[in-house]
Amino acid sequence: MSETPRYSIVAPIYNEEGNIDLLYARISEVMDSTNEPWELILVNDGSRDRSAEMMDVLAANDPRVKTIHFARNFGHQTAVTAGIDFTSGDAVVLIDADLQDPPEVILELIERWKAGYHVVYAVRKKRAGESWFKRITAKLFYRMIYRITDVDIPVDTGDFRLMDRAVVDVLRAMREHNRFIRGMTSWIGFKQTGVLYERDKRHAGETKYTLSKMVRFAMDAITSFSYFPLQIMIYVSFTLGFLAVLAIPVVAILRLALGDGFFGGQATTIVLLLLLSAFQLFFLFFLGQYVARIYDEARARPLYVVADTHGFTKSQRDELPGGVVVVTHSAAKLNHDQVPAHEHEMEIQKE
Ligand code: UDP
Ligand code: MG
């Protein structure tokens with residue numbers, strides 16, 4: 001029972017009560033067929049539904065299931081990070097909890113890993129049951145990231161992947177706050193390959209990626225792996241400067257030839273002013289995105305706060321990388337039944 005797992009499966013959970021039991025059933029069926037020891041690490045990212053209890057019931061009935069409960073919602077990439085931090089397998093598999101990534105594909109990932117690859121990522125060849133908005137934005141996003149980043153981040157590839165312990169150890173040493181995990185794994189290197197799969201539709205519930213989370217995620221991806229927005233400023237500056245040099249004689253000649261009416265009014269000035277301000281603010285926004293992320297690093301807060309864990313040994317909890325707070329004693333007894341996370345909101349009121 002206490003044998004070290006060969007495979008660690010990590011699934012982030014944010015309000016997935018309709019998926020947890022089936023996720024466990026399908027993963028255990030697939031993983032049992034390998035005839036090797038495995039563990040399933042479920043990370044509760046501040047769920048407000050019954051996910052927390054359901055996870056702990058699974059952990060109580062099967063010692064291979066281990067759970068981590070965050071003190072609040074820290075976001076998908078952070079939840080995956082915590083899961084990775086707690087793993088002990090030779091190979092780590094990241095998978096979404098909504099069964100969009102079919103667990104059966106894990107066997108193909110394992111096969112490629114055994115053939116000698118350190119990272120085996122799953123590439124989506126079809127996306128079922130997602131809105132056209134999601135499909136188009138995702139397609140554009142992956143292609144843009146591919147173009148402007150310095151590392152080769154494969155297109156149409158999410159976090160569904162297998163990583164060798166060597167890669168996981170490097171990843172565990174990368175403690176940046178704004179995390180784009182698929183980019184970070186590409187950055188690490190070693191031998192990487194992909195397998196194609198068909199992305200299913202969500203089994204139950206709705207997407208947990210709100211538009212604002214998607215925008216944040218895209219900004220993290222860009223700022224983590226590219227200086228492109230900073231570098232294009234110089235081209236815009238050259239272009240505008242060049243236009244200005246051209247405009248001086250043109251305006252002068254038109255004015256001399258056609259009289260005071262040309263470029264005499266304020267309208268042109270106002271329009272140009274608005275246009276240039278828009279350009280400047282656009283770049284200032286990007287600059288701000290980088291500055292804010294520098295500030296995140298300078299503050300050096302923990303990446304996440306763990307309120308509770310189940311199924312890990314003390315030495316596993318002690319071996320965590322830096323930048324993590326795991327609460328082991330709390331005066332208010334944690335009871336997911338009695339105090340749902342959202343009651344915090346009522347307590348936090350302005351005086
Ligand atoms: N998720 C999370 N925290 C969040 C948002 C999402 O842990 O703040 C989890 C979610 O429970 C799921 C995975 O991340 O297991 C992917 O989320 P989702 O399916 O909503 O994203 P989509 O597939 O629509 O991009
Ligand atoms: Mg999903």
# chains A, B, ... in the order shown; residues from 1 in each chain; ligands from 1
$ residues_near_ligand --ligand "ligand 1" --cutoff "6 Å" --atoms "only C-alpha atoms and all ligand atoms" --output "number ranges by chain"
A: 12-14, 16, 45, 75-76, 79, 96-98, 207-209
$ write_last_selection --atoms "N, CA and C atoms" --output "CSV table (one decimal), in the first residue's frame"
chain,number,residue,atom,x,y,z
A,12,PRO,N,-6.7,19.1,-11.3
A,12,PRO,CA,-7.2,20.3,-10.6
A,12,PRO,C,-8.7,20.3,-10.6
A,13,ILE,N,-9.3,20.7,-9.4
A,13,ILE,CA,-10.7,20.6,-9.2
A,13,ILE,C,-11.3,22.0,-8.8
A,14,TYR,N,-12.1,22.5,-9.6
A,14,TYR,CA,-12.8,23.7,-9.2
A,14,TYR,C,-14.3,23.6,-9.5
A,16,GLU,N,-16.3,20.7,-9.5
A,16,GLU,CA,-16.5,19.6,-10.4
A,16,GLU,C,-17.3,18.5,-9.8
A,45,ASP,N,-9.2,23.5,-5.8
A,45,ASP,CA,-8.9,24.9,-5.9
A,45,ASP,C,-10.0,25.8,-5.4
A,75,GLY,N,-6.5,29.5,-8.9
A,75,GLY,CA,-6.4,29.4,-10.4
A,75,GLY,C,-5.9,28.1,-10.8
A,76,HIS,N,-6.3,27.7,-12.1
A,76,HIS,CA,-5.9,26.4,-12.6
A,76,HIS,C,-4.4,26.1,-12.6
A,79,ALA,N,-3.1,25.4,-9.2
A,79,ALA,CA,-3.6,24.2,-8.7
A,79,ALA,C,-2.8,23.0,-9.3
A,96,ASP,N,-7.2,17.3,-17.0
A,96,ASP,CA,-8.4,18.1,-16.5
A,96,ASP,C,-9.4,17.2,-15.9
A,97,ALA,N,-10.1,17.8,-14.9
A,97,ALA,CA,-11.1,16.9,-14.1
A,97,ALA,C,-12.4,16.8,-14.8
A,98,ASP,N,-12.6,17.5,-15.9
A,98,ASP,CA,-14.0,17.5,-16.5
A,98,ASP,C,-14.1,16.4,-17.6
A,207,THR,N,-17.6,25.4,-18.3
A,207,THR,CA,-16.2,25.8,-18.3
A,207,THR,C,-16.0,26.7,-17.1
A,208,LYS,N,-14.8,26.6,-16.4
A,208,LYS,CA,-14.5,27.4,-15.3
A,208,LYS,C,-13.6,28.5,-15.7
A,209,TYR,N,-13.3,28.6,-17.0
A,209,TYR,CA,-12.5,29.7,-17.5
A,209,TYR,C,-13.4,30.8,-17.9
$ residues_around --residues "Val306 (chain A)" --least-positions-apart "2" --cutoff "6 Å" --atoms "only C-alpha atoms" --output "list of chain:residue names"
A:His69, A:Phe70, A:Ala71, A:Asp308, A:Val326, A:Val327
$ write_last_selection --atoms "N, CA and C atoms" --output "compact mmCIF listing (two decimals), in the first residue's frame"
# COMPACT_ATOMS: atom_id res chain seq x y z
N HIS A 69 -6.30 20.66 -0.38
CA HIS A 69 -7.34 21.69 -0.40
C HIS A 69 -6.71 23.07 -0.25
N PHE A 70 -6.91 23.91 -1.22
CA PHE A 70 -6.42 25.29 -1.14
C PHE A 70 -7.30 26.10 -0.19
N ALA A 71 -6.72 27.16 0.35
CA ALA A 71 -7.47 28.04 1.23
C ALA A 71 -8.46 28.91 0.45
N ASP A 308 -5.48 22.13 3.86
CA ASP A 308 -5.71 20.77 4.36
C ASP A 308 -5.21 19.77 3.31
N VAL A 326 1.82 25.41 3.84
CA VAL A 326 0.88 24.34 4.13
C VAL A 326 0.47 24.48 5.59
N VAL A 327 -0.78 24.80 5.82
CA VAL A 327 -1.27 24.98 7.18
C VAL A 327 -1.50 23.60 7.78
$ residues_around --residues "region 221-229 of chain A" --least-positions-apart "3" --cutoff "9 Å" --atoms "only C-alpha atoms" --output "PyMOL selection string"
chain A and resi 145+148-151+178-181+183-184+187+216-218+232-233+283+286-287+289-290+293
$ write_last_selection --atoms "C-alpha atoms" --output "PDB file, in the first residue's frame"
ATOM      1  CA  ILE A 145       1.925  32.224 -28.786  1.00  0.00           C
ATOM      2  CA  ILE A 148       5.927  35.410 -30.719  1.00  0.00           C
ATOM      3  CA  THR A 149       7.577  33.216 -28.107  1.00  0.00           C
ATOM      4  CA  ASP A 150      11.207  32.188 -28.016  1.00  0.00           C
ATOM      5  CA  VAL A 151      10.533  28.591 -26.963  1.00  0.00           C
ATOM      6  CA  ASN A 178       2.533  33.839 -13.032  1.00  0.00           C
ATOM      7  CA  ARG A 179       2.711  30.386 -14.456  1.00  0.00           C
ATOM      8  CA  PHE A 180       2.138  29.124 -17.970  1.00  0.00           C
ATOM      9  CA  ILE A 181       2.925  25.478 -17.368  1.00  0.00           C
ATOM     10  CA  GLY A 183       5.422  26.913 -21.844  1.00  0.00           C
ATOM     11  CA  MET A 184       7.533  26.097 -18.809  1.00  0.00           C
ATOM     12  CA  TRP A 187      11.404  25.662 -21.939  1.00  0.00           C
ATOM     13  CA  ARG A 216      -5.075  36.777 -17.655  1.00  0.00           C
ATOM     14  CA  PHE A 217      -3.889  33.395 -18.818  1.00  0.00           C
ATOM     15  CA  ALA A 218      -3.001  34.813 -22.255  1.00  0.00           C
ATOM     16  CA  ILE A 232       7.368  46.251 -31.367  1.00  0.00           C
ATOM     17  CA  MET A 233       7.245  49.681 -29.773  1.00  0.00           C
ATOM     18  CA  PHE A 283       1.925  49.996 -25.074  1.00  0.00           C
ATOM     19  CA  PHE A 286       1.721  46.031 -21.902  1.00  0.00           C
ATOM     20  CA  LEU A 287       4.553  47.666 -20.056  1.00  0.00           C
ATOM     21  CA  GLN A 289       1.747  43.878 -17.404  1.00  0.00           C
ATOM     22  CA  TYR A 290       5.471  43.218 -17.199  1.00  0.00           C
ATOM     23  CA  ARG A 293       4.702  40.646 -12.773  1.00  0.00           C
TER      24      ARG A 293
END
$ closest_residue --among "A:Ala60, A:Val291, A:Met214, A:Ala204" --to "Leu99 (chain A)" --atoms "only C-alpha atoms"
A:Ala204
$ atom_distance --atom1 "CA of Asp90 (chain A)" --atom2 "CA of Arg165 (chain A)"
5.0 Å
$ select_by_dssp --residues "region 125-328 of chain A" --states "strand (DSSP E or B)" --output "count of residues only"
29
$ closest_residue --among "A:Ala292, A:Ala173, A:Val65, A:Leu140" --to "Asp220 (chain A)" --atoms "only C-alpha atoms"
A:Ala292
$ closest_residue --among "A:Ser28, A:Gln280, A:Thr210, A:Asn44" --to "ligand 2" --atoms "only C-alpha atoms and all ligand atoms"
A:Thr210
$ closest_residue --among "A:Gly158, A:Pro103, A:Val93, A:Asp85" --to "ligand 2" --atoms "only C-alpha atoms and all ligand atoms"
A:Gly158
$ atom_distance --atom1 "CA of Thr67 (chain A)" --atom2 "CA of Thr4 (chain A)"
16.6 Å
$ closest_residue --among "A:Ala11, A:Ala247, A:Met174, A:Val57" --to "ligand 2" --atoms "only C-alpha atoms and all ligand atoms"
A:Ala11
$ closest_residue --among "A:Ile106, A:Leu272, A:Ile95, A:Val251" --to "ligand 2" --atoms "only C-alpha atoms and all ligand atoms"
A:Ile95
$ atom_distance --atom1 "CA of Leu211 (chain A)" --atom2 "CA of Ala138 (chain A)"
12.0 Å
$ residues_around --residues "Lys125 (chain A)" --least-positions-apart "4" --cutoff "7 Å" --atoms "only C-alpha atoms" --output "ChimeraX atom specification"
/A:196-198
$ select_by_dssp --residues "region 137-348 of chain A" --states "alpha helix (DSSP H)" --output "NGL selection string"
:A and (137-148 or 165-173 or 181-188 or 211-225 or 228-258 or 266-299 or 314-318 or 344-347)
$ decode --residues "region 258-289 of chain A" --atoms "N, CA and C atoms" --output "compact mmCIF listing (two decimals), in the first residue's frame"
# COMPACT_ATOMS: atom_id res chain seq x y z
N LEU A 258 -2.75 76.01 -51.16
CA LEU A 258 -4.22 75.99 -51.08
C LEU A 258 -4.78 76.95 -50.03
N GLY A 259 -3.90 77.65 -49.35
CA GLY A 259 -4.40 78.67 -48.44
C GLY A 259 -4.62 78.15 -47.02
N ASP A 260 -5.08 79.05 -46.18
CA ASP A 260 -5.19 78.81 -44.75
C ASP A 260 -6.15 77.69 -44.35
N GLY A 261 -7.08 77.41 -45.23
CA GLY A 261 -8.11 76.42 -44.88
C GLY A 261 -7.53 75.04 -44.62
N PHE A 262 -6.39 74.73 -45.21
CA PHE A 262 -5.83 73.39 -45.06
C PHE A 262 -5.04 73.23 -43.77
N PHE A 263 -5.38 72.22 -43.02
CA PHE A 263 -4.74 71.94 -41.73
C PHE A 263 -4.79 73.13 -40.80
N GLY A 264 -5.79 73.97 -41.03
CA GLY A 264 -5.88 75.15 -40.19
C GLY A 264 -6.64 74.87 -38.90
N GLY A 265 -7.56 73.89 -38.95
CA GLY A 265 -8.46 73.70 -37.81
C GLY A 265 -7.92 72.80 -36.73
N GLN A 266 -8.73 72.65 -35.70
CA GLN A 266 -8.31 71.80 -34.60
C GLN A 266 -8.66 70.34 -34.84
N ALA A 267 -9.56 70.10 -35.79
CA ALA A 267 -10.07 68.74 -35.96
C ALA A 267 -8.95 67.74 -36.19
N THR A 268 -8.05 68.09 -37.12
CA THR A 268 -6.94 67.19 -37.43
C THR A 268 -6.11 66.91 -36.19
N THR A 269 -5.84 67.97 -35.46
CA THR A 269 -5.01 67.83 -34.25
C THR A 269 -5.67 66.89 -33.26
N ILE A 270 -6.98 67.10 -33.09
CA ILE A 270 -7.68 66.29 -32.09
C ILE A 270 -7.67 64.81 -32.50
N VAL A 271 -7.91 64.55 -33.78
CA VAL A 271 -7.95 63.16 -34.23
C VAL A 271 -6.58 62.50 -34.04
N LEU A 272 -5.55 63.23 -34.45
CA LEU A 272 -4.20 62.67 -34.31
C LEU A 272 -3.84 62.44 -32.84
N LEU A 273 -4.24 63.38 -32.02
CA LEU A 273 -3.95 63.27 -30.59
C LEU A 273 -4.59 62.02 -30.00
N LEU A 274 -5.85 61.80 -30.39
CA LEU A 274 -6.57 60.61 -29.89
C LEU A 274 -5.87 59.34 -30.37
N LEU A 275 -5.49 59.36 -31.65
CA LEU A 275 -4.86 58.17 -32.21
C LEU A 275 -3.54 57.85 -31.50
N LEU A 276 -2.73 58.89 -31.35
CA LEU A 276 -1.43 58.67 -30.72
C LEU A 276 -1.56 58.29 -29.26
N SER A 277 -2.54 58.89 -28.58
CA SER A 277 -2.73 58.53 -27.17
C SER A 277 -3.14 57.07 -27.08
N ALA A 278 -3.97 56.63 -28.02
CA ALA A 278 -4.40 55.24 -28.00
C ALA A 278 -3.20 54.32 -28.15
N PHE A 279 -2.32 54.64 -29.10
CA PHE A 279 -1.10 53.85 -29.28
C PHE A 279 -0.29 53.81 -28.00
N GLN A 280 -0.09 54.98 -27.44
CA GLN A 280 0.78 55.05 -26.25
C GLN A 280 0.20 54.29 -25.08
N LEU A 281 -1.12 54.44 -24.90
CA LEU A 281 -1.73 53.75 -23.76
C LEU A 281 -1.71 52.24 -23.98
N PHE A 282 -1.85 51.84 -25.22
CA PHE A 282 -1.80 50.41 -25.54
C PHE A 282 -0.46 49.82 -25.09
N PHE A 283 0.60 50.51 -25.44
CA PHE A 283 1.93 50.00 -25.07
C PHE A 283 2.19 50.14 -23.59
N LEU A 284 1.65 51.22 -23.04
CA LEU A 284 1.79 51.42 -21.59
C LEU A 284 1.13 50.28 -20.84
N PHE A 285 -0.02 49.82 -21.35
CA PHE A 285 -0.72 48.70 -20.74
C PHE A 285 0.19 47.47 -20.72
N PHE A 286 0.84 47.19 -21.85
CA PHE A 286 1.72 46.03 -21.90
C PHE A 286 2.90 46.18 -20.95
N LEU A 287 3.44 47.39 -20.96
CA LEU A 287 4.55 47.67 -20.06
C LEU A 287 4.12 47.38 -18.62
N GLY A 288 2.89 47.83 -18.30
CA GLY A 288 2.32 47.61 -16.97
C GLY A 288 2.21 46.13 -16.64
N GLN A 289 1.87 45.32 -17.63
CA GLN A 289 1.75 43.88 -17.40
C GLN A 289 3.08 43.28 -16.97
